[in-house]
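Reviewing the structure listed below.
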Amino acid sequence: MKGHVQQGEIRTARCMIDDRHTFLERLKSISREYSTNIICFNADMLAGRVHAELAVRLARRSWMGECAIANTFEMEALLYAAGSRQCNVASRFGINDGENHLFICCNPGGNERVWAALSPFLEYVDTERFEITDQNKRERLIDLFSITPLELGSLDTGTTITDLILERVALLQVLR
């Protein structure tokens, strides 16, 4: 087994990143200090908190079952978020230089000291901000996840854009 990964906790935040490499080094330092994994998902690329939760859950399953693609748990979670086996695609689902809207997951969760250590770099915000609330995000996600007109036609039957995206994320498990 590559490593034991416990249940995580996800919060929402925003931050300004001047240097992606420096920011990632800070995260790695905090991760080591508190023996945790910290995953930063680009909330603008996700269909809400449920998308981040599913990506982490499936990454945990892969990691614990020794069938992970990535060398780190963090990248494995980003691969699931992207619904892709390609690290260059998955990396877009992480942080970027400039303003970032994030779903941040800490595994294991429940350690307030980790969140306090992250707080100088982040502004924690209301979760609702990062759900699919506007047409621009909806259209971006349709394009990003290659949702077809036929699939969009199924939305009349109670299926949502989020459901279609979560299906793609879950399919990565099958396509391994």
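Within each chain, counting starts at residue 1; across the structure tokens, chains are named A, B, ... in the order shown, with ligands numbered 1 upward in that order.
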Near Ala70 (chain A), within 10 Å and counting only C-alpha atoms, which residues show up once chain neighbours fewer than 3 positions away are dropped, as a VMD selection string?
chain A and resid 59 62 to 63 67 73 to 79 85 to 87
Keeping only N, CA and C atoms, write those residues as a PDB file, in the first residue's frame.
```pdb
ATOM      1  N   ALA A  59      -9.618   9.046  -5.124  1.00  0.00           N
ATOM      2  CA  ALA A  59      -8.154   9.037  -5.009  1.00  0.00           C
ATOM      3  C   ALA A  59      -7.726   8.210  -3.797  1.00  0.00           C
ATOM      4  N   SER A  62      -8.014   4.544  -4.686  1.00  0.00           N
ATOM      5  CA  SER A  62      -6.900   4.128  -5.550  1.00  0.00           C
ATOM      6  C   SER A  62      -5.598   4.027  -4.770  1.00  0.00           C
ATOM      7  N   TRP A  63      -5.346   5.025  -3.956  1.00  0.00           N
ATOM      8  CA  TRP A  63      -4.101   5.096  -3.201  1.00  0.00           C
ATOM      9  C   TRP A  63      -3.986   3.921  -2.239  1.00  0.00           C
ATOM     10  N   CYS A  67      -3.434   1.015  -6.678  1.00  0.00           N
ATOM     11  CA  CYS A  67      -3.640   1.124  -8.127  1.00  0.00           C
ATOM     12  C   CYS A  67      -3.590   2.581  -8.577  1.00  0.00           C
ATOM     13  N   PHE A  73      -0.499  11.553  -3.457  1.00  0.00           N
ATOM     14  CA  PHE A  73      -1.936  11.533  -3.230  1.00  0.00           C
ATOM     15  C   PHE A  73      -2.584  12.800  -3.781  1.00  0.00           C
ATOM     16  N   GLU A  74      -1.889  13.924  -3.637  1.00  0.00           N
ATOM     17  CA  GLU A  74      -2.429  15.192  -4.107  1.00  0.00           C
ATOM     18  C   GLU A  74      -2.680  15.158  -5.617  1.00  0.00           C
ATOM     19  N   MET A  75      -1.712  14.674  -6.379  1.00  0.00           N
ATOM     20  CA  MET A  75      -1.889  14.600  -7.838  1.00  0.00           C
ATOM     21  C   MET A  75      -2.954  13.569  -8.198  1.00  0.00           C
ATOM     22  N   GLU A  76      -3.031  12.494  -7.449  1.00  0.00           N
ATOM     23  CA  GLU A  76      -4.065  11.482  -7.712  1.00  0.00           C
ATOM     24  C   GLU A  76      -5.456  12.119  -7.584  1.00  0.00           C
ATOM     25  N   ALA A  77      -5.647  12.952  -6.561  1.00  0.00           N
ATOM     26  CA  ALA A  77      -6.933  13.632  -6.372  1.00  0.00           C
ATOM     27  C   ALA A  77      -7.207  14.600  -7.529  1.00  0.00           C
ATOM     28  N   LEU A  78      -6.183  15.294  -8.002  1.00  0.00           N
ATOM     29  CA  LEU A  78      -6.361  16.210  -9.126  1.00  0.00           C
ATOM     30  C   LEU A  78      -6.693  15.455 -10.409  1.00  0.00           C
ATOM     31  N   LEU A  79      -6.105  14.264 -10.600  1.00  0.00           N
ATOM     32  CA  LEU A  79      -6.437  13.437 -11.762  1.00  0.00           C
ATOM     33  C   LEU A  79      -7.922  13.081 -11.752  1.00  0.00           C
ATOM     34  N   ARG A  85      -6.380  10.824 -17.012  1.00  0.00           N
ATOM     35  CA  ARG A  85      -5.174  10.105 -16.592  1.00  0.00           C
ATOM     36  C   ARG A  85      -3.916  10.920 -16.875  1.00  0.00           C
ATOM     37  N   GLN A  86      -4.071  12.109 -17.415  1.00  0.00           N
ATOM     38  CA  GLN A  86      -2.940  12.939 -17.829  1.00  0.00           C
ATOM     39  C   GLN A  86      -2.632  14.009 -16.785  1.00  0.00           C
ATOM     40  N   CYS A  87      -1.423  13.977 -16.231  1.00  0.00           N
ATOM     41  CA  CYS A  87      -1.038  14.943 -15.197  1.00  0.00           C
ATOM     42  C   CYS A  87      -1.055  16.378 -15.711  1.00  0.00           C
TER      43      CYS A  87
END
```
As a short mmCIF file (atom, residue, chain, number, x, y, z; two decimals) with all heavy atoms, in the first residue's frame, please: the residues near region 124-126 of chain A (cut-off 8 Å, only C-alpha atoms, same-chain neighbours under 5 positions excluded).
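This is the output file part30.cif:
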```
data_model
loop_
_atom_site.label_atom_id
_atom_site.label_comp_id
_atom_site.auth_asym_id
_atom_site.auth_seq_id
_atom_site.Cartn_x
_atom_site.Cartn_y
_atom_site.Cartn_z
N ARG A 11 -12.60 22.79 2.83
CA ARG A 11 -13.05 24.16 3.05
C ARG A 11 -12.88 24.95 1.77
O ARG A 11 -12.19 24.52 0.85
CB ARG A 11 -12.25 24.81 4.19
CG ARG A 11 -12.50 24.14 5.52
CD ARG A 11 -11.91 24.91 6.65
NE ARG A 11 -12.09 24.18 7.92
CZ ARG A 11 -11.68 24.61 9.09
NH1 ARG A 11 -11.04 25.77 9.17
NH2 ARG A 11 -11.89 23.91 10.17
N THR A 12 -13.50 26.11 1.72
CA THR A 12 -13.39 26.98 0.55
C THR A 12 -12.60 28.23 0.92
O THR A 12 -12.71 28.73 2.05
CB THR A 12 -14.77 27.37 0.01
OG1 THR A 12 -15.56 27.88 1.08
CG2 THR A 12 -15.47 26.19 -0.62
N ALA A 13 -11.82 28.69 -0.03
CA ALA A 13 -10.99 29.87 0.23
C ALA A 13 -10.67 30.56 -1.09
O ALA A 13 -10.89 30.00 -2.17
CB ALA A 13 -9.70 29.45 0.92
N ARG A 14 -10.13 31.73 -0.96
CA ARG A 14 -9.57 32.41 -2.12
C ARG A 14 -8.22 32.97 -1.69
O ARG A 14 -7.97 33.21 -0.50
CB ARG A 14 -10.50 33.47 -2.67
CG ARG A 14 -10.72 34.63 -1.80
CD ARG A 14 -11.58 35.66 -2.50
NE ARG A 14 -11.98 36.65 -1.50
CZ ARG A 14 -13.08 37.32 -1.53
NH1 ARG A 14 -13.93 37.14 -2.50
NH2 ARG A 14 -13.37 38.18 -0.59
N SER A 119 -3.99 29.86 7.12
CA SER A 119 -4.75 31.12 7.10
C SER A 119 -3.94 32.36 6.70
O SER A 119 -4.53 33.28 6.12
CB SER A 119 -5.48 31.34 8.41
OG SER A 119 -4.57 31.53 9.46
#
```
Option closest in space to Glu25 (chain A), from A:Leu155, A:Ala81, A:Ile38, A:Ile161 [counting only C-alpha atoms]
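Selected residue with least distance to Glu25 (chain A): A:Ile38.
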Residues within 12 Å of Gly83 (chain A), please, as a PyMOL selection string. Count only C-alpha atoms; anything in the same chain fewer than 2 positions from it doesn't count.
chain A and resi 45-46+51-52+54-55+58-59+76-81+85-87+89-93+144-146+164-176
Where does DSSP see strand (DSSP E) in chain A, if you list the residues as a count of residues only?
27
Interatomic distance (Å, one decimal) between CA of Gly153 (chain A) and CA of Arg140 (chain A):
17.4 Å
What lies within 12 Å of Leu118 (chain A) using only C-alpha atoms, ignoring chain neighbours under 6 positions off, as a ChimeraX atom specification?
/A:11-15,23-24,26-31,33-34,38-40,104-106,111-112,124
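For the pair CA of Gly94 (chain A) and CA of Asn71 (chain A), the interatomic distance is 15.8 Å.
In terms of minimum interatomic distance to Glu128 (chain A), A:Arg49 ranks closest within A:Leu150, A:Gly158, A:Phe41, A:Arg49, counting only C-alpha atoms.
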Mind giving me the straight-line distance from CA of Asp97 (chain A) to CA of His21 (chain A) in Å, one decimal?
9.2 Å
Please report, as a ChimeraX atom specification, each residue of region 71-175 of chain A to which DSSP assigns alpha helix (DSSP H) when run on this structure's backbone.
/A:73-82,87-90,112-118,135-144,149-153,161-174
Keeping N, CA and C atoms for every residue in the selection just given, could you write it to a file as a compact mmCIF listing (two decimals), in the first residue's frame?
```txt
# COMPACT_ATOMS: atom_id res chain seq x y z
N PHE A 73 -0.50 11.55 -3.46
CA PHE A 73 -1.94 11.53 -3.23
C PHE A 73 -2.58 12.80 -3.78
N GLU A 74 -1.89 13.92 -3.64
CA GLU A 74 -2.43 15.19 -4.11
C GLU A 74 -2.68 15.16 -5.62
N MET A 75 -1.71 14.67 -6.38
CA MET A 75 -1.89 14.60 -7.84
C MET A 75 -2.95 13.57 -8.20
N GLU A 76 -3.03 12.49 -7.45
CA GLU A 76 -4.06 11.48 -7.71
C GLU A 76 -5.46 12.12 -7.58
N ALA A 77 -5.65 12.95 -6.56
CA ALA A 77 -6.93 13.63 -6.37
C ALA A 77 -7.21 14.60 -7.53
N LEU A 78 -6.18 15.29 -8.00
CA LEU A 78 -6.36 16.21 -9.13
C LEU A 78 -6.69 15.46 -10.41
N LEU A 79 -6.11 14.26 -10.60
CA LEU A 79 -6.44 13.44 -11.76
C LEU A 79 -7.92 13.08 -11.75
N TYR A 80 -8.42 12.70 -10.58
CA TYR A 80 -9.84 12.37 -10.49
C TYR A 80 -10.70 13.61 -10.71
N ALA A 81 -10.31 14.74 -10.16
CA ALA A 81 -11.09 15.97 -10.37
C ALA A 81 -11.21 16.28 -11.86
N ALA A 82 -10.12 16.05 -12.59
CA ALA A 82 -10.10 16.33 -14.03
C ALA A 82 -10.78 15.24 -14.83
N CYS A 87 -1.42 13.98 -16.23
CA CYS A 87 -1.04 14.94 -15.20
C CYS A 87 -1.06 16.38 -15.71
N ASN A 88 -0.71 16.59 -16.98
CA ASN A 88 -0.72 17.96 -17.51
C ASN A 88 -2.14 18.52 -17.56
N VAL A 89 -3.14 17.67 -17.77
CA VAL A 89 -4.54 18.10 -17.74
C VAL A 89 -4.95 18.33 -16.28
N ALA A 90 -4.59 17.41 -15.41
CA ALA A 90 -4.98 17.51 -14.00
C ALA A 90 -4.37 18.71 -13.31
N GLU A 112 -7.35 21.71 13.48
CA GLU A 112 -7.48 23.16 13.37
C GLU A 112 -6.12 23.85 13.23
N ARG A 113 -5.05 23.21 13.71
CA ARG A 113 -3.72 23.81 13.58
C ARG A 113 -3.30 23.91 12.12
N VAL A 114 -3.72 22.94 11.30
CA VAL A 114 -3.41 22.99 9.87
C VAL A 114 -4.11 24.18 9.23
N TRP A 115 -5.41 24.34 9.53
CA TRP A 115 -6.16 25.45 8.96
C TRP A 115 -5.60 26.79 9.43
N ALA A 116 -5.16 26.85 10.69
CA ALA A 116 -4.54 28.08 11.21
C ALA A 116 -3.22 28.36 10.49
N ALA A 117 -2.43 27.32 10.21
CA ALA A 117 -1.16 27.50 9.49
C ALA A 117 -1.39 27.96 8.06
N LEU A 118 -2.50 27.57 7.47
CA LEU A 118 -2.83 27.98 6.10
C LEU A 118 -3.41 29.39 6.03
N GLN A 135 -24.23 31.27 -15.62
CA GLN A 135 -24.17 30.66 -16.95
C GLN A 135 -22.74 30.50 -17.45
N ASN A 136 -21.86 31.45 -17.11
CA ASN A 136 -20.47 31.37 -17.57
C ASN A 136 -19.78 30.12 -17.04
N LYS A 137 -19.95 29.85 -15.75
CA LYS A 137 -19.33 28.66 -15.18
C LYS A 137 -19.95 27.41 -15.78
N ARG A 138 -21.25 27.42 -15.94
CA ARG A 138 -21.94 26.27 -16.53
C ARG A 138 -21.39 25.97 -17.92
N GLU A 139 -21.26 26.99 -18.75
CA GLU A 139 -20.74 26.80 -20.11
C GLU A 139 -19.28 26.35 -20.10
N ARG A 140 -18.50 26.91 -19.20
CA ARG A 140 -17.08 26.52 -19.08
C ARG A 140 -16.97 25.04 -18.72
N LEU A 141 -17.79 24.57 -17.79
CA LEU A 141 -17.75 23.17 -17.38
C LEU A 141 -18.25 22.24 -18.49
N ILE A 142 -19.26 22.66 -19.22
CA ILE A 142 -19.76 21.87 -20.36
C ILE A 142 -18.63 21.67 -21.37
N ASP A 143 -17.90 22.73 -21.65
CA ASP A 143 -16.78 22.64 -22.59
C ASP A 143 -15.63 21.81 -22.01
N LEU A 144 -15.27 22.09 -20.78
CA LEU A 144 -14.15 21.43 -20.13
C LEU A 144 -14.33 19.91 -20.05
N PRO A 149 -24.41 17.66 -26.71
CA PRO A 149 -25.81 18.12 -26.78
C PRO A 149 -26.79 17.01 -26.38
N LEU A 150 -26.48 15.78 -26.73
CA LEU A 150 -27.35 14.66 -26.33
C LEU A 150 -27.43 14.55 -24.81
N GLU A 151 -26.28 14.68 -24.15
CA GLU A 151 -26.26 14.64 -22.69
C GLU A 151 -27.02 15.83 -22.11
N LEU A 152 -26.85 16.98 -22.72
CA LEU A 152 -27.58 18.16 -22.24
C LEU A 152 -29.08 17.95 -22.37
N GLY A 153 -29.50 17.20 -23.39
CA GLY A 153 -30.91 16.87 -23.55
C GLY A 153 -31.44 16.04 -22.40
N ILE A 161 -26.02 19.16 -14.61
CA ILE A 161 -24.65 19.27 -15.12
C ILE A 161 -23.69 18.62 -14.12
N THR A 162 -23.93 18.86 -12.85
CA THR A 162 -23.08 18.26 -11.81
C THR A 162 -23.11 16.74 -11.91
N ASP A 163 -24.28 16.16 -12.10
CA ASP A 163 -24.39 14.70 -12.24
C ASP A 163 -23.54 14.19 -13.40
N LEU A 164 -23.60 14.88 -14.53
CA LEU A 164 -22.85 14.46 -15.71
C LEU A 164 -21.34 14.53 -15.46
N ILE A 165 -20.91 15.57 -14.77
CA ILE A 165 -19.48 15.72 -14.46
C ILE A 165 -19.03 14.66 -13.47
N LEU A 166 -19.83 14.40 -12.44
CA LEU A 166 -19.47 13.38 -11.46
C LEU A 166 -19.39 12.00 -12.11
N GLU A 167 -20.22 11.77 -13.10
CA GLU A 167 -20.16 10.51 -13.84
C GLU A 167 -18.82 10.36 -14.54
N ARG A 168 -18.32 11.45 -15.14
CA ARG A 168 -17.02 11.40 -15.81
C ARG A 168 -15.89 11.15 -14.81
N VAL A 169 -15.98 11.79 -13.66
CA VAL A 169 -14.97 11.60 -12.62
C VAL A 169 -14.96 10.13 -12.17
N ALA A 170 -16.13 9.57 -11.95
CA ALA A 170 -16.23 8.18 -11.51
C ALA A 170 -15.76 7.21 -12.58
N LEU A 171 -15.97 7.56 -13.85
CA LEU A 171 -15.54 6.68 -14.94
C LEU A 171 -14.03 6.49 -15.00
N LEU A 172 -13.28 7.44 -14.47
CA LEU A 172 -11.82 7.30 -14.47
C LEU A 172 -11.42 6.04 -13.71
N GLN A 173 -12.16 5.71 -12.67
CA GLN A 173 -11.89 4.50 -11.89
C GLN A 173 -12.03 3.27 -12.77
N VAL A 174 -13.03 3.26 -13.62
CA VAL A 174 -13.30 2.12 -14.49
C VAL A 174 -12.29 2.03 -15.63
```
Would you please work out which residue, of A:Glu123, A:Glu53, A:Asp156, A:Asp19, is nearest to Asn107 (chain A) when using only C-alpha atoms?
A:Glu53
